[in-house]
>>> print(open('input.txt').read())   # compact mmCIF, N, CA and C atoms
# COMPACT_ATOMS: atom_id res chain seq x y z
N MET K 1 9.83 -7.36 -19.44
CA MET K 1 9.99 -7.10 -18.02
C MET K 1 9.57 -5.67 -17.68
N GLU K 2 9.90 -4.75 -18.54
CA GLU K 2 9.61 -3.34 -18.24
C GLU K 2 8.11 -3.11 -18.08
N LEU K 3 7.30 -3.81 -18.86
CA LEU K 3 5.85 -3.65 -18.76
C LEU K 3 5.32 -4.09 -17.40
N ALA K 4 5.97 -5.07 -16.79
CA ALA K 4 5.52 -5.61 -15.50
C ALA K 4 6.23 -4.98 -14.31
N ARG K 5 7.15 -4.09 -14.56
CA ARG K 5 8.00 -3.56 -13.48
C ARG K 5 7.22 -2.99 -12.30
N SER K 6 6.15 -2.30 -12.55
CA SER K 6 5.41 -1.66 -11.46
C SER K 6 4.70 -2.68 -10.57
N TYR K 7 4.65 -3.95 -10.99
CA TYR K 7 4.00 -4.99 -10.20
C TYR K 7 5.01 -5.82 -9.41
N TYR K 8 6.28 -5.52 -9.57
CA TYR K 8 7.36 -6.23 -8.90
C TYR K 8 7.92 -5.40 -7.74
N SER K 9 8.37 -6.09 -6.70
CA SER K 9 9.20 -5.41 -5.71
C SER K 9 10.54 -5.13 -6.39
N GLN K 10 11.26 -4.16 -5.91
CA GLN K 10 12.55 -3.81 -6.50
C GLN K 10 13.52 -5.00 -6.50
N ASP K 11 13.59 -5.72 -5.38
CA ASP K 11 14.52 -6.86 -5.27
C ASP K 11 14.18 -7.98 -6.25
N LEU K 12 12.89 -8.33 -6.35
CA LEU K 12 12.50 -9.40 -7.26
C LEU K 12 12.73 -8.99 -8.71
N TYR K 13 12.45 -7.75 -9.02
CA TYR K 13 12.70 -7.25 -10.38
C TYR K 13 14.18 -7.37 -10.74
N LEU K 14 15.05 -6.95 -9.82
CA LEU K 14 16.50 -7.03 -10.07
C LEU K 14 16.96 -8.48 -10.19
N ASP K 15 16.41 -9.38 -9.36
CA ASP K 15 16.74 -10.81 -9.47
C ASP K 15 16.38 -11.35 -10.85
N HIS K 16 15.20 -11.02 -11.32
CA HIS K 16 14.77 -11.50 -12.63
C HIS K 16 15.60 -10.87 -13.75
N GLN K 17 15.97 -9.62 -13.60
CA GLN K 17 16.83 -8.97 -14.60
C GLN K 17 18.19 -9.67 -14.67
N ARG K 18 18.77 -9.98 -13.51
CA ARG K 18 20.06 -10.69 -13.47
C ARG K 18 19.95 -12.06 -14.14
N MET K 19 18.85 -12.75 -13.89
CA MET K 19 18.63 -14.05 -14.50
C MET K 19 18.56 -13.93 -16.04
N LEU K 20 17.90 -12.89 -16.53
CA LEU K 20 17.80 -12.68 -17.98
C LEU K 20 19.16 -12.35 -18.59
N VAL K 21 19.94 -11.53 -17.91
CA VAL K 21 21.29 -11.19 -18.40
C VAL K 21 22.14 -12.46 -18.49
N LYS K 22 22.07 -13.28 -17.45
CA LYS K 22 22.83 -14.55 -17.44
C LYS K 22 22.40 -15.44 -18.60
N MET K 23 21.12 -15.53 -18.84
CA MET K 23 20.62 -16.37 -19.94
C MET K 23 21.09 -15.83 -21.29
N ARG K 24 21.08 -14.51 -21.45
CA ARG K 24 21.55 -13.92 -22.72
C ARG K 24 23.02 -14.26 -22.95
N LYS K 25 23.83 -14.17 -21.90
CA LYS K 25 25.25 -14.50 -22.02
C LYS K 25 25.46 -15.96 -22.41
N GLU K 26 24.54 -16.82 -21.99
CA GLU K 26 24.62 -18.25 -22.30
C GLU K 26 23.86 -18.60 -23.59
N ASN K 27 23.42 -17.57 -24.32
CA ASN K 27 22.67 -17.75 -25.57
C ASN K 27 21.38 -18.54 -25.37
N LEU K 28 20.69 -18.26 -24.28
CA LEU K 28 19.43 -18.93 -23.97
C LEU K 28 18.29 -17.93 -23.96
N ARG K 29 17.13 -18.39 -24.39
CA ARG K 29 15.93 -17.56 -24.32
C ARG K 29 14.77 -18.42 -23.87
N ASN K 30 14.05 -17.93 -22.87
CA ASN K 30 12.89 -18.63 -22.34
C ASN K 30 11.62 -18.00 -22.91
N TYR K 31 10.71 -18.85 -23.35
CA TYR K 31 9.41 -18.40 -23.86
C TYR K 31 8.33 -18.88 -22.92
N VAL K 32 7.43 -17.98 -22.55
CA VAL K 32 6.25 -18.32 -21.76
C VAL K 32 5.07 -17.74 -22.53
N LEU K 33 4.20 -18.65 -23.00
CA LEU K 33 3.12 -18.25 -23.90
C LEU K 33 1.77 -18.81 -23.44
N ASN K 34 0.72 -18.16 -23.85
CA ASN K 34 -0.65 -18.65 -23.65
C ASN K 34 -0.95 -18.98 -22.19
N VAL K 35 -0.59 -18.09 -21.30
CA VAL K 35 -0.82 -18.31 -19.86
C VAL K 35 -2.31 -18.16 -19.57
N ARG K 36 -2.86 -19.16 -18.91
CA ARG K 36 -4.26 -19.14 -18.49
C ARG K 36 -4.32 -19.52 -17.02
N VAL K 37 -4.69 -18.57 -16.18
CA VAL K 37 -4.84 -18.87 -14.75
C VAL K 37 -6.07 -19.75 -14.59
N LYS K 38 -5.88 -20.90 -13.97
CA LYS K 38 -6.97 -21.86 -13.78
C LYS K 38 -7.60 -21.72 -12.40
N LYS K 39 -6.75 -21.42 -11.41
CA LYS K 39 -7.26 -21.41 -10.04
C LYS K 39 -6.34 -20.55 -9.17
N MET K 40 -6.95 -19.80 -8.28
CA MET K 40 -6.22 -19.07 -7.23
C MET K 40 -6.86 -19.49 -5.91
N HIS K 41 -6.03 -19.99 -5.00
CA HIS K 41 -6.57 -20.48 -3.73
C HIS K 41 -5.51 -20.40 -2.64
N HIS K 42 -5.86 -20.86 -1.47
CA HIS K 42 -4.98 -20.81 -0.30
C HIS K 42 -4.51 -19.38 0.00
N PHE K 43 -5.43 -18.43 -0.16
CA PHE K 43 -5.11 -17.05 0.21
C PHE K 43 -4.83 -17.01 1.70
N LYS K 44 -3.74 -16.34 2.06
CA LYS K 44 -3.37 -16.25 3.47
C LYS K 44 -2.83 -14.85 3.76
N MET K 45 -3.47 -14.17 4.69
CA MET K 45 -2.97 -12.87 5.13
C MET K 45 -1.81 -13.14 6.07
N ILE K 46 -0.65 -12.64 5.74
CA ILE K 46 0.55 -12.89 6.54
C ILE K 46 0.76 -11.76 7.54
N GLU K 47 0.52 -10.56 7.08
CA GLU K 47 0.69 -9.37 7.92
C GLU K 47 -0.49 -8.46 7.60
N LYS K 48 -1.35 -8.23 8.54
CA LYS K 48 -2.61 -7.52 8.31
C LYS K 48 -2.42 -6.26 7.46
N ASP K 49 -3.13 -6.24 6.35
CA ASP K 49 -3.15 -5.11 5.41
C ASP K 49 -1.79 -4.76 4.80
N ARG K 50 -0.79 -5.64 4.94
CA ARG K 50 0.54 -5.33 4.41
C ARG K 50 1.14 -6.45 3.56
N LYS K 51 0.75 -7.72 3.83
CA LYS K 51 1.40 -8.83 3.15
C LYS K 51 0.45 -10.04 3.09
N PHE K 52 0.38 -10.67 1.90
CA PHE K 52 -0.42 -11.87 1.77
C PHE K 52 0.21 -12.82 0.75
N SER K 53 -0.23 -14.08 0.80
CA SER K 53 0.21 -15.07 -0.18
C SER K 53 -1.02 -15.70 -0.83
N VAL K 54 -0.81 -16.19 -2.04
CA VAL K 54 -1.88 -16.88 -2.76
C VAL K 54 -1.25 -17.92 -3.67
N LYS K 55 -1.87 -19.08 -3.75
CA LYS K 55 -1.39 -20.13 -4.65
C LYS K 55 -2.09 -19.93 -6.00
N ILE K 56 -1.29 -19.95 -7.06
CA ILE K 56 -1.81 -19.74 -8.42
C ILE K 56 -1.49 -20.98 -9.25
N GLU K 57 -2.52 -21.54 -9.86
CA GLU K 57 -2.35 -22.66 -10.78
C GLU K 57 -2.71 -22.16 -12.17
N ALA K 58 -1.85 -22.48 -13.14
CA ALA K 58 -2.06 -21.98 -14.50
C ALA K 58 -1.57 -22.99 -15.52
N SER K 59 -2.16 -22.90 -16.70
CA SER K 59 -1.64 -23.68 -17.83
C SER K 59 -0.87 -22.71 -18.72
N LEU K 60 0.18 -23.22 -19.36
CA LEU K 60 1.00 -22.36 -20.21
C LEU K 60 1.95 -23.19 -21.05
N ILE K 61 2.48 -22.56 -22.06
CA ILE K 61 3.58 -23.14 -22.82
C ILE K 61 4.84 -22.48 -22.28
N ASP K 62 5.83 -23.27 -21.90
CA ASP K 62 7.06 -22.76 -21.28
C ASP K 62 8.23 -23.57 -21.80
N TYR K 63 9.11 -22.93 -22.53
CA TYR K 63 10.28 -23.65 -23.05
C TYR K 63 11.46 -22.71 -23.21
N THR K 64 12.65 -23.30 -23.28
CA THR K 64 13.90 -22.55 -23.43
C THR K 64 14.64 -23.09 -24.64
N VAL K 65 15.18 -22.15 -25.46
CA VAL K 65 15.94 -22.54 -26.64
C VAL K 65 17.32 -21.89 -26.62
N ASP K 66 18.24 -22.52 -27.32
CA ASP K 66 19.56 -21.95 -27.58
C ASP K 66 19.36 -20.96 -28.72
N THR K 67 19.71 -19.69 -28.53
CA THR K 67 19.45 -18.67 -29.54
C THR K 67 20.38 -18.78 -30.74
N VAL K 68 21.46 -19.51 -30.63
CA VAL K 68 22.39 -19.69 -31.75
C VAL K 68 21.92 -20.83 -32.65
N THR K 69 21.56 -21.95 -32.04
CA THR K 69 21.21 -23.15 -32.81
C THR K 69 19.71 -23.37 -32.94
N ASP K 70 18.91 -22.65 -32.16
CA ASP K 70 17.45 -22.82 -32.06
C ASP K 70 17.09 -24.20 -31.49
N LYS K 71 18.06 -24.86 -30.86
CA LYS K 71 17.82 -26.17 -30.25
C LYS K 71 17.00 -26.00 -28.98
N LEU K 72 16.02 -26.87 -28.81
CA LEU K 72 15.19 -26.88 -27.62
C LEU K 72 16.03 -27.39 -26.44
N ILE K 73 16.12 -26.59 -25.37
CA ILE K 73 16.91 -26.95 -24.19
C ILE K 73 16.03 -27.54 -23.09
N ARG K 74 14.83 -26.96 -22.93
CA ARG K 74 13.92 -27.40 -21.86
C ARG K 74 12.49 -27.11 -22.28
N GLY K 75 11.58 -27.97 -21.88
CA GLY K 75 10.15 -27.76 -22.13
C GLY K 75 9.72 -28.26 -23.50
N ARG K 76 8.51 -27.84 -23.90
CA ARG K 76 7.94 -28.23 -25.18
C ARG K 76 7.40 -26.98 -25.87
N ARG K 77 7.72 -26.83 -27.14
CA ARG K 77 7.32 -25.63 -27.88
C ARG K 77 5.81 -25.49 -28.08
N TYR K 78 5.12 -26.60 -28.22
CA TYR K 78 3.72 -26.53 -28.62
C TYR K 78 2.74 -27.20 -27.66
N GLU K 79 3.25 -27.68 -26.54
CA GLU K 79 2.40 -28.41 -25.61
C GLU K 79 2.27 -27.65 -24.30
N LYS K 80 1.03 -27.43 -23.88
CA LYS K 80 0.79 -26.74 -22.62
C LYS K 80 1.10 -27.64 -21.43
N GLY K 81 1.61 -27.03 -20.40
CA GLY K 81 1.83 -27.71 -19.14
C GLY K 81 1.13 -26.94 -18.03
N MET K 82 1.19 -27.47 -16.83
CA MET K 82 0.58 -26.81 -15.67
C MET K 82 1.67 -26.41 -14.68
N ILE K 83 1.46 -25.28 -14.04
CA ILE K 83 2.34 -24.86 -12.95
C ILE K 83 1.49 -24.56 -11.72
N SER K 84 2.11 -24.67 -10.58
CA SER K 84 1.48 -24.31 -9.32
C SER K 84 2.53 -23.54 -8.53
N GLN K 85 2.25 -22.27 -8.27
CA GLN K 85 3.21 -21.41 -7.59
C GLN K 85 2.52 -20.64 -6.47
N THR K 86 3.29 -20.33 -5.45
CA THR K 86 2.80 -19.44 -4.40
C THR K 86 3.43 -18.07 -4.61
N TRP K 87 2.60 -17.07 -4.74
CA TRP K 87 3.05 -15.69 -4.92
C TRP K 87 2.81 -14.95 -3.62
N ILE K 88 3.80 -14.17 -3.20
CA ILE K 88 3.68 -13.35 -1.99
C ILE K 88 3.70 -11.89 -2.41
N PHE K 89 2.72 -11.14 -1.92
CA PHE K 89 2.57 -9.72 -2.23
C PHE K 89 2.75 -8.88 -0.97
N ILE K 90 3.32 -7.71 -1.15
CA ILE K 90 3.42 -6.73 -0.06
C ILE K 90 2.95 -5.38 -0.60
N LYS K 91 2.68 -4.48 0.30
CA LYS K 91 2.39 -3.10 -0.10
C LYS K 91 3.71 -2.35 -0.15
N ASP K 92 3.95 -1.67 -1.27
CA ASP K 92 5.20 -0.93 -1.43
C ASP K 92 5.10 0.46 -0.80
N ILE K 93 6.12 1.26 -1.00
CA ILE K 93 6.14 2.59 -0.37
C ILE K 93 5.05 3.51 -0.93
N LYS K 94 4.51 3.19 -2.10
CA LYS K 94 3.40 3.96 -2.67
C LYS K 94 2.05 3.37 -2.25
N ASN K 95 2.10 2.38 -1.33
CA ASN K 95 0.90 1.72 -0.82
C ASN K 95 0.19 0.91 -1.90
N GLU K 96 0.95 0.37 -2.86
CA GLU K 96 0.41 -0.47 -3.92
C GLU K 96 0.90 -1.89 -3.74
N TRP K 97 0.09 -2.87 -4.13
CA TRP K 97 0.46 -4.27 -4.01
C TRP K 97 1.48 -4.63 -5.09
N VAL K 98 2.58 -5.26 -4.66
CA VAL K 98 3.62 -5.75 -5.59
C VAL K 98 4.02 -7.15 -5.17
N VAL K 99 4.43 -7.96 -6.15
CA VAL K 99 4.88 -9.31 -5.84
C VAL K 99 6.34 -9.25 -5.36
N VAL K 100 6.59 -9.92 -4.25
CA VAL K 100 7.92 -9.91 -3.64
C VAL K 100 8.61 -11.26 -3.75
N SER K 101 7.81 -12.32 -3.97
CA SER K 101 8.37 -13.66 -4.04
C SER K 101 7.45 -14.56 -4.85
N ILE K 102 8.07 -15.44 -5.65
CA ILE K 102 7.34 -16.47 -6.39
C ILE K 102 8.04 -17.79 -6.11
N ARG K 103 7.30 -18.73 -5.55
CA ARG K 103 7.88 -20.04 -5.21
C ARG K 103 7.09 -21.16 -5.86
>>> encode(input="input.txt", output="structure tokens")
Amino acid sequence: MELARSYYSQDLYLDHQRMLVKMRKENLRNYVLNVRVKKMHHFKMIEKDRKFSVKIEASLIDYTVDTVTDKLIRGRRYEKGMISQTWIFIKDIKNEWVVVSIR
């Protein structure tokens, strides 16, 4: 998370940090591997020069395991799946683009 921090809005970064803390307490770990962006489309300027959205389609391996038992909780360890998400970006106080929402 720390490596990506400068690309996150403060609120989204804190939300994701809280989610990770909760998962650690529940002995869960999520793995996201081999991400390949396949397509970016439906670009939409929401607020001129300040905010935009884009739909991102990607293939990836995404799974969650119990860190105590190594039991697979969700997803598949070795099989790629596809995701389709809309990312919303805004310009931060340093006038840099950061992601504020992922849906």
>>> residues_around(input="input.txt", residues="region 13-23 of chain K", least_positions_apart="6", cutoff="8 Å", atoms="only N, CA and C atoms", output="CSV table (one decimal) with N, CA and C atoms, in the coordinates of the input")
chain,number,residue,atom,x,y,z
K,1,MET,N,9.8,-7.4,-19.4
K,1,MET,CA,10.0,-7.1,-18.0
K,1,MET,C,9.6,-5.7,-17.7
K,4,ALA,N,6.0,-5.1,-16.8
K,4,ALA,CA,5.5,-5.6,-15.5
K,4,ALA,C,6.2,-5.0,-14.3
K,5,ARG,N,7.2,-4.1,-14.6
K,5,ARG,CA,8.0,-3.6,-13.5
K,5,ARG,C,7.2,-3.0,-12.3
K,7,TYR,N,4.6,-4.0,-11.0
K,7,TYR,CA,4.0,-5.0,-10.2
K,7,TYR,C,5.0,-5.8,-9.4
K,29,ARG,N,17.1,-18.4,-24.4
K,29,ARG,CA,15.9,-17.6,-24.3
K,29,ARG,C,14.8,-18.4,-23.9
K,30,ASN,N,14.0,-17.9,-22.9
K,30,ASN,CA,12.9,-18.6,-22.3
K,30,ASN,C,11.6,-18.0,-22.9
K,99,VAL,N,4.4,-8.0,-6.2
K,99,VAL,CA,4.9,-9.3,-5.8
K,99,VAL,C,6.3,-9.2,-5.4
K,100,VAL,N,6.6,-9.9,-4.2
K,100,VAL,CA,7.9,-9.9,-3.6
K,100,VAL,C,8.6,-11.3,-3.8
>>> select_by_dssp(input="input.txt", residues="chain K", states="alpha helix (DSSP H)", output="list in words")
Gln10, Asp11, Leu12, Tyr13, Leu14, Asp15, His16, Gln17, Arg18, Met19, Leu20, Val21, Lys22, Met23, Arg24 and Lys25 of chain K
>>> residues_around(input="input.txt", residues="Glu57 (chain K)", least_positions_apart="2", cutoff="7 Å", atoms="all atoms listed in the file", output="VMD selection string")
chain K and resid 36 to 41 55 59 82 to 85
>>> atom_distance(input="input.txt", atom1="CA of Ile90 (chain K)", atom2="CA of His42 (chain K)")
16.4 Å
>>> select_by_dssp(input="input.txt", residues="region 4-99 of chain K", states="strand (DSSP E)", output="count of residues only")
54
>>> axis_aligned_box(input="input.txt", around="region 77-96 of chain K", padding_each_side="3 Å", output="lines of an AutoDock Vina configuration file")
center_x = 4.0
center_y = -12.2
center_z = -14.2
size_x = 13.5
size_y = 38.4
size_z = 34.9
>>> residues_around(input="input.txt", residues="Asp62 (chain K)", least_positions_apart="2", cutoff="7 Å", atoms="only N, CA and C atoms", output="number ranges by chain")
K: 30-33, 60, 64, 74-77, 79-81
>>> atom_distance(input="input.txt", atom1="atom N of Ser9 (chain K)", atom2="atom N of Val98 (chain K)")
6.2 Å
>>> atom_distance(input="input.txt", atom1="atom C of Val35 (chain K)", atom2="atom C of Asn95 (chain K)")
26.1 Å
>>> residues_near_point(input="input.txt", point="(7.2, -13.4, -4.7)", cutoff="7 Å", atoms="only N, CA and C atoms", output="PyMOL selection string")
chain K and resi 86-89+99-103
>>> closest_residue(input="input.txt", among="K:Asn27, K:Asn34, K:Gln10, K:Ser53", to="Asp66 (chain K)", atoms="all atoms listed in the file")
K:Asn27
>>> residues_around(input="input.txt", residues="Lys91 (chain K)", least_positions_apart="5", cutoff="6.5 Å", atoms="all atoms listed in the file", output="number ranges by chain")
K: 49-51, 96-98
>>> closest_residue(input="input.txt", among="K:Ile93, K:Met45, K:Ala58, K:Ile73", to="Glu26 (chain K)", atoms="only C-alpha atoms")
K:Ile73
